[in-house]
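Read through the structure below, which is laid out as structure tokens, and then see the notes.
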Amino acid sequence: MTISGLGQDSYVRIQKEVTYGTGITNSMTDLPCLSGSSFDAINENIENANMINSRVMQAPDQGRGIVRFAMQLNLPYSLLGELVNLFLGASADATVVDSTYTHTFLTPITGSSIGKSFTMQVAKGSATAEQYVGCVIDAFKITADSQGQVKAFQKT
């Protein structure tokens with residue numbers, strides 16, 4: 001597990017995918033992640049019970065890759081719409097009254113997923129960035145203090 005914010009050249013950026021699992025990186029959005037954000041990538045092993053010409057079991061085969069991340073970030077208002085769209089999908093409508101936008105999100109009753117998948121690139125320090133495709137947010141929390149500073153926490 002690594003912690004973002006360690007290194008001068010660290011960054012996290014995302015872009016919504018048109019098709020699930022198809023990486024897209026032509027117009028990525030940088031996320032201002034705070035210290036304490038974590039990114040963990042593992043490959044699950046598939047046990048291999050074969051014994052070929054030996055009394056020792058074969059080494060496991062590499063299974064699917066799983067990425068878990070927990071990001072904390074100061075939430076500028078310009079990013080709020082993009083992050084909520086990834087979590088809840090597009091709003092059903094947007095009304096404007098006195099220059100104030102109201103978005104309504106409806107939960108589908110068909111059992112389909114409403115969130116959007118995205119491609120994420122994570123660079124730690126000056127190391128080469130790692131790219132993850134087909135990421136989805138499964139929890140999203142927004143907090144604010146008495147000074148009006150808004151923070152977001154999301155994980156998958």
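Simple scheme: letters A, B, ... for chains in structure tokens order, numbers from 1 for residues in each chain, numbers from 1 for ligands in the order shown.
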
> Using the chain letters and numbers from this document, which residues of chain A does DSSP assign to alpha helix (DSSP H), as a PyMOL selection string?
Replying inline: chain A and resi 77-88

Using N, CA, C and O atoms, can you export the residues from the last selection as an mmCIF file, in the first residue's frame?
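Written output follows (selection_16.cif):
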data_model
loop_
_atom_site.group_PDB
_atom_site.id
_atom_site.type_symbol
_atom_site.label_atom_id
_atom_site.label_comp_id
_atom_site.auth_asym_id
_atom_site.auth_seq_id
_atom_site.Cartn_x
_atom_site.Cartn_y
_atom_site.Cartn_z
ATOM 1 N N TYR A 77 -15.398 23.239 -5.736
ATOM 2 C CA TYR A 77 -16.739 23.106 -6.304
ATOM 3 C C TYR A 77 -16.704 22.691 -7.763
ATOM 4 O O TYR A 77 -17.630 22.070 -8.264
ATOM 5 N N SER A 78 -15.621 23.007 -8.465
ATOM 6 C CA SER A 78 -15.522 22.646 -9.878
ATOM 7 C C SER A 78 -15.419 21.136 -10.085
ATOM 8 O O SER A 78 -15.698 20.639 -11.166
ATOM 9 N N LEU A 79 -15.041 20.372 -9.046
ATOM 10 C CA LEU A 79 -14.938 18.918 -9.162
ATOM 11 C C LEU A 79 -16.162 18.185 -8.639
ATOM 12 O O LEU A 79 -16.328 16.993 -8.884
ATOM 13 N N LEU A 80 -17.012 18.864 -7.906
ATOM 14 C CA LEU A 80 -18.146 18.210 -7.260
ATOM 15 C C LEU A 80 -19.038 17.489 -8.269
ATOM 16 O O LEU A 80 -19.399 16.333 -8.077
ATOM 17 N N GLY A 81 -19.375 18.141 -9.351
ATOM 18 C CA GLY A 81 -20.254 17.539 -10.355
ATOM 19 C C GLY A 81 -19.665 16.282 -10.965
ATOM 20 O O GLY A 81 -20.356 15.272 -11.137
ATOM 21 N N GLU A 82 -18.374 16.308 -11.276
ATOM 22 C CA GLU A 82 -17.738 15.144 -11.891
ATOM 23 C C GLU A 82 -17.713 13.953 -10.943
ATOM 24 O O GLU A 82 -18.014 12.828 -11.324
ATOM 25 N N LEU A 83 -17.373 14.183 -9.670
ATOM 26 C CA LEU A 83 -17.305 13.087 -8.709
ATOM 27 C C LEU A 83 -18.684 12.518 -8.397
ATOM 28 O O LEU A 83 -18.857 11.303 -8.284
ATOM 29 N N VAL A 84 -19.684 13.366 -8.258
ATOM 30 C CA VAL A 84 -21.040 12.883 -7.996
ATOM 31 C C VAL A 84 -21.559 12.119 -9.207
ATOM 32 O O VAL A 84 -22.237 11.104 -9.078
ATOM 33 N N ASN A 85 -21.221 12.562 -10.411
ATOM 34 C CA ASN A 85 -21.626 11.858 -11.628
ATOM 35 C C ASN A 85 -21.027 10.453 -11.671
ATOM 36 O O ASN A 85 -21.686 9.498 -12.051
ATOM 37 N N LEU A 86 -19.768 10.303 -11.246
ATOM 38 C CA LEU A 86 -19.149 8.977 -11.219
ATOM 39 C C LEU A 86 -19.853 8.060 -10.225
ATOM 40 O O LEU A 86 -19.952 6.861 -10.446
ATOM 41 N N PHE A 87 -20.324 8.619 -9.124
ATOM 42 C CA PHE A 87 -20.952 7.823 -8.080
ATOM 43 C C PHE A 87 -22.430 7.554 -8.363
ATOM 44 O O PHE A 87 -22.920 6.439 -8.189
ATOM 45 N N LEU A 88 -23.159 8.574 -8.790
ATOM 46 C CA LEU A 88 -24.611 8.459 -8.957
ATOM 47 C C LEU A 88 -25.087 8.489 -10.401
ATOM 48 O O LEU A 88 -26.280 8.394 -10.648
#

At a cut-off of 10 Å, can you tabulate as CSV every residue of stretch 21-92 of chain A near stretch 125-141 of chain A together with its closest atom pair and the distance in Å to one decimal, using only C-alpha atoms and ordering rows by chain then number?
residue,atom,partner,partner_atom,distance
A:Gly21,CA,A:Gly134,CA,4.0
A:Thr22,CA,A:Val133,CA,6.4
A:Gly23,CA,A:Val133,CA,5.3
A:Ile24,CA,A:Val133,CA,8.3
A:Thr25,CA,A:Gln131,CA,9.6
A:Ala41,CA,A:Tyr132,CA,9.1
A:Gly65,CA,A:Tyr132,CA,9.6
A:Ile66,CA,A:Tyr132,CA,9.4
A:Val67,CA,A:Tyr132,CA,7.6
A:Arg68,CA,A:Cys135,CA,9.1
A:Phe69,CA,A:Ile137,CA,9.3
A:Ala70,CA,A:Ala139,CA,9.4
A:Met71,CA,A:Phe140,CA,9.8
A:Gln72,CA,A:Lys141,CA,9.5
A:Leu83,CA,A:Phe140,CA,8.9
A:Val84,CA,A:Phe140,CA,8.4
A:Leu86,CA,A:Ile137,CA,7.1
A:Phe87,CA,A:Ile137,CA,5.7
A:Leu88,CA,A:Ile137,CA,9.2

Take the residues just selected and output them with all heavy atoms as a compact mmCIF listing (two decimals), in the first residue's frame.
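Once everything was written out, this is result.txt:
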# COMPACT_ATOMS: atom_id res chain seq x y z
N GLY A 21 -14.21 -0.59 -18.53
CA GLY A 21 -12.96 -1.31 -18.71
C GLY A 21 -12.14 -0.89 -19.91
O GLY A 21 -11.12 -1.49 -20.20
N THR A 22 -12.57 0.14 -20.62
CA THR A 22 -11.81 0.62 -21.77
C THR A 22 -11.12 1.91 -21.36
O THR A 22 -11.76 2.94 -21.18
CB THR A 22 -12.75 0.90 -22.97
OG1 THR A 22 -13.49 -0.28 -23.25
CG2 THR A 22 -11.96 1.32 -24.19
N GLY A 23 -9.80 1.84 -21.18
CA GLY A 23 -9.04 3.00 -20.71
C GLY A 23 -9.14 4.18 -21.65
O GLY A 23 -9.06 4.02 -22.87
N ILE A 24 -9.33 5.35 -21.08
CA ILE A 24 -9.39 6.58 -21.87
C ILE A 24 -8.61 7.66 -21.12
O ILE A 24 -8.80 7.85 -19.93
CB ILE A 24 -10.86 6.99 -22.14
CG1 ILE A 24 -10.95 8.22 -23.02
CG2 ILE A 24 -11.63 7.18 -20.86
CD1 ILE A 24 -12.33 8.47 -23.57
N THR A 25 -7.69 8.31 -21.81
CA THR A 25 -6.80 9.26 -21.14
C THR A 25 -6.58 10.55 -21.92
O THR A 25 -5.59 11.23 -21.72
CB THR A 25 -5.42 8.61 -20.90
OG1 THR A 25 -4.87 8.22 -22.16
CG2 THR A 25 -5.53 7.39 -20.00
N ALA A 41 -2.85 -2.23 -5.19
CA ALA A 41 -3.14 -3.10 -6.33
C ALA A 41 -2.58 -4.49 -6.04
O ALA A 41 -1.41 -4.62 -5.69
CB ALA A 41 -2.52 -2.53 -7.59
N GLY A 65 -6.71 -8.87 -11.46
CA GLY A 65 -6.13 -7.78 -10.69
C GLY A 65 -7.22 -7.01 -9.96
O GLY A 65 -8.29 -6.77 -10.51
N ILE A 66 -6.96 -6.65 -8.73
CA ILE A 66 -7.91 -5.87 -7.93
C ILE A 66 -7.21 -4.62 -7.43
O ILE A 66 -6.08 -4.69 -6.94
CB ILE A 66 -8.42 -6.69 -6.73
CG1 ILE A 66 -9.20 -7.90 -7.23
CG2 ILE A 66 -9.28 -5.83 -5.81
CD1 ILE A 66 -9.69 -8.80 -6.12
N VAL A 67 -7.86 -3.49 -7.58
CA VAL A 67 -7.32 -2.22 -7.10
C VAL A 67 -8.27 -1.67 -6.04
O VAL A 67 -9.48 -1.59 -6.27
CB VAL A 67 -7.19 -1.20 -8.26
CG1 VAL A 67 -6.70 0.13 -7.74
CG2 VAL A 67 -6.27 -1.73 -9.33
N ARG A 68 -7.72 -1.34 -4.89
CA ARG A 68 -8.50 -0.70 -3.84
C ARG A 68 -7.88 0.66 -3.58
O ARG A 68 -6.67 0.77 -3.48
CB ARG A 68 -8.47 -1.55 -2.58
CG ARG A 68 -9.20 -2.85 -2.72
CD ARG A 68 -9.21 -3.61 -1.40
NE ARG A 68 -9.86 -4.88 -1.56
CZ ARG A 68 -9.22 -6.04 -1.74
NH1 ARG A 68 -7.91 -6.06 -1.76
NH2 ARG A 68 -9.88 -7.15 -1.89
N PHE A 69 -8.72 1.66 -3.47
CA PHE A 69 -8.19 2.98 -3.15
C PHE A 69 -9.14 3.70 -2.21
O PHE A 69 -10.32 3.44 -2.19
CB PHE A 69 -7.94 3.81 -4.42
CG PHE A 69 -9.16 4.08 -5.26
CD1 PHE A 69 -9.95 5.19 -5.02
CD2 PHE A 69 -9.51 3.23 -6.28
CE1 PHE A 69 -11.07 5.45 -5.80
CE2 PHE A 69 -10.62 3.47 -7.06
CZ PHE A 69 -11.40 4.58 -6.82
N ALA A 70 -8.56 4.56 -1.42
CA ALA A 70 -9.33 5.43 -0.53
C ALA A 70 -8.71 6.81 -0.69
O ALA A 70 -7.57 7.03 -0.32
CB ALA A 70 -9.25 4.96 0.91
N MET A 71 -9.45 7.72 -1.31
CA MET A 71 -8.92 9.06 -1.57
C MET A 71 -9.60 10.07 -0.65
O MET A 71 -10.81 10.03 -0.45
CB MET A 71 -9.19 9.47 -3.02
CG MET A 71 -8.37 8.71 -4.02
SD MET A 71 -8.57 9.35 -5.69
CE MET A 71 -10.20 8.79 -6.09
N GLN A 72 -8.79 10.96 -0.12
CA GLN A 72 -9.29 12.10 0.63
C GLN A 72 -8.82 13.33 -0.13
O GLN A 72 -7.65 13.42 -0.52
CB GLN A 72 -8.69 12.12 2.03
CG GLN A 72 -9.66 11.78 3.09
CD GLN A 72 -9.05 11.98 4.46
OE1 GLN A 72 -7.85 11.95 4.63
NE2 GLN A 72 -9.90 12.16 5.44
N LEU A 83 -17.37 14.18 -9.67
CA LEU A 83 -17.30 13.09 -8.71
C LEU A 83 -18.68 12.52 -8.40
O LEU A 83 -18.86 11.30 -8.28
CB LEU A 83 -16.61 13.55 -7.43
CG LEU A 83 -15.13 13.92 -7.60
CD1 LEU A 83 -14.56 14.43 -6.29
CD2 LEU A 83 -14.32 12.75 -8.12
N VAL A 84 -19.68 13.37 -8.26
CA VAL A 84 -21.04 12.88 -8.00
C VAL A 84 -21.56 12.12 -9.21
O VAL A 84 -22.24 11.10 -9.08
CB VAL A 84 -21.98 14.05 -7.60
CG1 VAL A 84 -23.43 13.60 -7.56
CG2 VAL A 84 -21.57 14.60 -6.25
N LEU A 86 -19.77 10.30 -11.25
CA LEU A 86 -19.15 8.98 -11.22
C LEU A 86 -19.85 8.06 -10.22
O LEU A 86 -19.95 6.86 -10.45
CB LEU A 86 -17.67 9.09 -10.86
CG LEU A 86 -16.76 9.72 -11.89
CD1 LEU A 86 -15.35 9.88 -11.33
CD2 LEU A 86 -16.73 8.90 -13.17
N PHE A 87 -20.32 8.62 -9.12
CA PHE A 87 -20.95 7.82 -8.08
C PHE A 87 -22.43 7.55 -8.36
O PHE A 87 -22.92 6.44 -8.19
CB PHE A 87 -20.78 8.52 -6.74
CG PHE A 87 -21.26 7.72 -5.56
CD1 PHE A 87 -20.74 6.46 -5.31
CD2 PHE A 87 -22.22 8.22 -4.71
CE1 PHE A 87 -21.17 5.71 -4.22
CE2 PHE A 87 -22.65 7.48 -3.62
CZ PHE A 87 -22.13 6.23 -3.38
N LEU A 88 -23.16 8.57 -8.79
CA LEU A 88 -24.61 8.46 -8.96
C LEU A 88 -25.09 8.49 -10.40
O LEU A 88 -26.28 8.39 -10.65
CB LEU A 88 -25.31 9.59 -8.20
CG LEU A 88 -25.16 9.59 -6.69
CD1 LEU A 88 -25.79 10.84 -6.10
CD2 LEU A 88 -25.79 8.34 -6.10

> Which of stretch 16-147 of chain A counts as strand (DSSP E or B) under DSSP, as number ranges by chain please?
Replying inline: A: 16, 29-31, 33, 38-46, 61-74, 93-97, 100-104, 118-123, 130-135, 139-144

> Counting only C-alpha atoms, which of A:Ala144, A:Val96, A:Glu44, A:Ala123 gets nearest to A:Arg13?
Replying inline: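 The shortest atom-to-atom distance to A:Arg13 comes from A:Ala123.
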
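If you count only C-alpha atoms and ignore residues fewer than 2 places along the chain from A:Asn74, what sits within 9 Å of it is Leu31, Pro32, Cys33, Leu34, Gln72, Pro76, Gln149, Val150, Lys151 and Ala152 of chain A.
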
Keeping N, CA and C atoms, export the residues of the selection given above as a PDB file, in the first residue's frame.
ATOM      1  N   LEU A  31      -6.815  15.290  -9.516  1.00  0.00           N
ATOM      2  CA  LEU A  31      -7.488  15.344  -8.220  1.00  0.00           C
ATOM      3  C   LEU A  31      -6.501  15.806  -7.158  1.00  0.00           C
ATOM      4  N   PRO A  32      -6.885  16.793  -6.349  1.00  0.00           N
ATOM      5  CA  PRO A  32      -5.997  17.300  -5.292  1.00  0.00           C
ATOM      6  C   PRO A  32      -6.056  16.404  -4.051  1.00  0.00           C
ATOM      7  N   CYS A  33      -5.471  15.214  -4.123  1.00  0.00           N
ATOM      8  CA  CYS A  33      -5.519  14.253  -3.013  1.00  0.00           C
ATOM      9  C   CYS A  33      -4.683  14.725  -1.840  1.00  0.00           C
ATOM     10  N   LEU A  34      -5.174  14.435  -0.653  1.00  0.00           N
ATOM     11  CA  LEU A  34      -4.483  14.795   0.575  1.00  0.00           C
ATOM     12  C   LEU A  34      -3.629  13.637   1.062  1.00  0.00           C
ATOM     13  N   GLN A  72      -8.795  10.961  -0.117  1.00  0.00           N
ATOM     14  CA  GLN A  72      -9.287  12.105   0.625  1.00  0.00           C
ATOM     15  C   GLN A  72      -8.821  13.330  -0.128  1.00  0.00           C
ATOM     16  N   PRO A  76     -12.829  21.206  -4.387  1.00  0.00           N
ATOM     17  CA  PRO A  76     -13.234  22.446  -5.029  1.00  0.00           C
ATOM     18  C   PRO A  76     -14.598  22.231  -5.706  1.00  0.00           C
ATOM     19  N   GLN A 149     -14.891  24.784   4.459  1.00  0.00           N
ATOM     20  CA  GLN A 149     -14.001  23.933   3.675  1.00  0.00           C
ATOM     21  C   GLN A 149     -14.665  22.580   3.498  1.00  0.00           C
ATOM     22  N   VAL A 150     -14.790  22.145   2.249  1.00  0.00           N
ATOM     23  CA  VAL A 150     -15.466  20.895   1.936  1.00  0.00           C
ATOM     24  C   VAL A 150     -14.429  19.835   1.609  1.00  0.00           C
ATOM     25  N   LYS A 151     -14.588  18.643   2.194  1.00  0.00           N
ATOM     26  CA  LYS A 151     -13.699  17.520   1.909  1.00  0.00           C
ATOM     27  C   LYS A 151     -14.527  16.358   1.412  1.00  0.00           C
ATOM     28  N   ALA A 152     -13.941  15.586   0.530  1.00  0.00           N
ATOM     29  CA  ALA A 152     -14.606  14.383   0.015  1.00  0.00           C
ATOM     30  C   ALA A 152     -13.752  13.178   0.343  1.00  0.00           C
TER      31      ALA A 152
END

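The interatomic distance for the pair atom CA of A:Asp30 and atom CA of A:Ser117 works out to 16.4 Å.
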
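The residue set within 8 Å of A:Gln62, counting only C-alpha atoms and dropping same-chain residues fewer than 5 places from it, reads A:Asn43, A:Glu44, A:Asn45, A:Ile46.
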
> Between A:Lys116, A:Leu75, A:Met57, A:Thr102, which one has atoms that come closest to A:Val18, using only C-alpha atoms?
Replying inline: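 The shortest atom-to-atom distance to A:Val18 comes from A:Lys116.
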
>> Calculated over only C-alpha atoms, which of the candidates A:Thr104, A:Thr19, A:Asn53, A:Thr143 has the smallest distance to A:Ala90?
In response: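 Closest residue, counting only C-alpha atoms: A:Thr104.
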
>> Could you tell me how far atom CA of A:Val122 sits from atom CA of A:Tyr11, in Å to one decimal place?
In response: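 Between atom CA of A:Tyr11 and atom CA of A:Val122 the gap works out to 5.9 Å.
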
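When atom CA of A:Gly63 is paired with atom CA of A:Ser38, their separation reads 22.4 Å.
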
>> I'd like the neighbourhood of A:Ile14 as a ChimeraX atom specification, where a residue qualifies if any of its atoms comes within 6 Å (using only C-alpha atoms), though same-chain residues fewer than 5 positions away should be ignored.
In response: /A:28-29,119-120

Mind writing the picked residues with N, CA, C and O atoms as a PDB file, in the first residue's frame?
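Dumped to selection38.pdb:
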ATOM      1  N   MET A  28      -7.870  14.022 -18.999  1.00  0.00           N
ATOM      2  CA  MET A  28      -7.958  13.610 -17.599  1.00  0.00           C
ATOM      3  C   MET A  28      -8.063  14.811 -16.661  1.00  0.00           C
ATOM      4  O   MET A  28      -7.583  15.895 -16.977  1.00  0.00           O
ATOM      5  N   THR A  29      -8.701  14.586 -15.508  1.00  0.00           N
ATOM      6  CA  THR A  29      -8.869  15.617 -14.486  1.00  0.00           C
ATOM      7  C   THR A  29      -7.960  15.296 -13.311  1.00  0.00           C
ATOM      8  O   THR A  29      -8.021  14.191 -12.767  1.00  0.00           O
ATOM      9  N   THR A 119     -11.163   5.652 -15.677  1.00  0.00           N
ATOM     10  CA  THR A 119      -9.755   5.290 -15.743  1.00  0.00           C
ATOM     11  C   THR A 119      -9.014   6.182 -14.765  1.00  0.00           C
ATOM     12  O   THR A 119      -9.282   7.380 -14.696  1.00  0.00           O
ATOM     13  N   MET A 120      -8.090   5.611 -13.993  1.00  0.00           N
ATOM     14  CA  MET A 120      -7.338   6.391 -13.013  1.00  0.00           C
ATOM     15  C   MET A 120      -5.850   6.147 -13.206  1.00  0.00           C
ATOM     16  O   MET A 120      -5.419   5.016 -13.419  1.00  0.00           O
TER      17      MET A 120
END
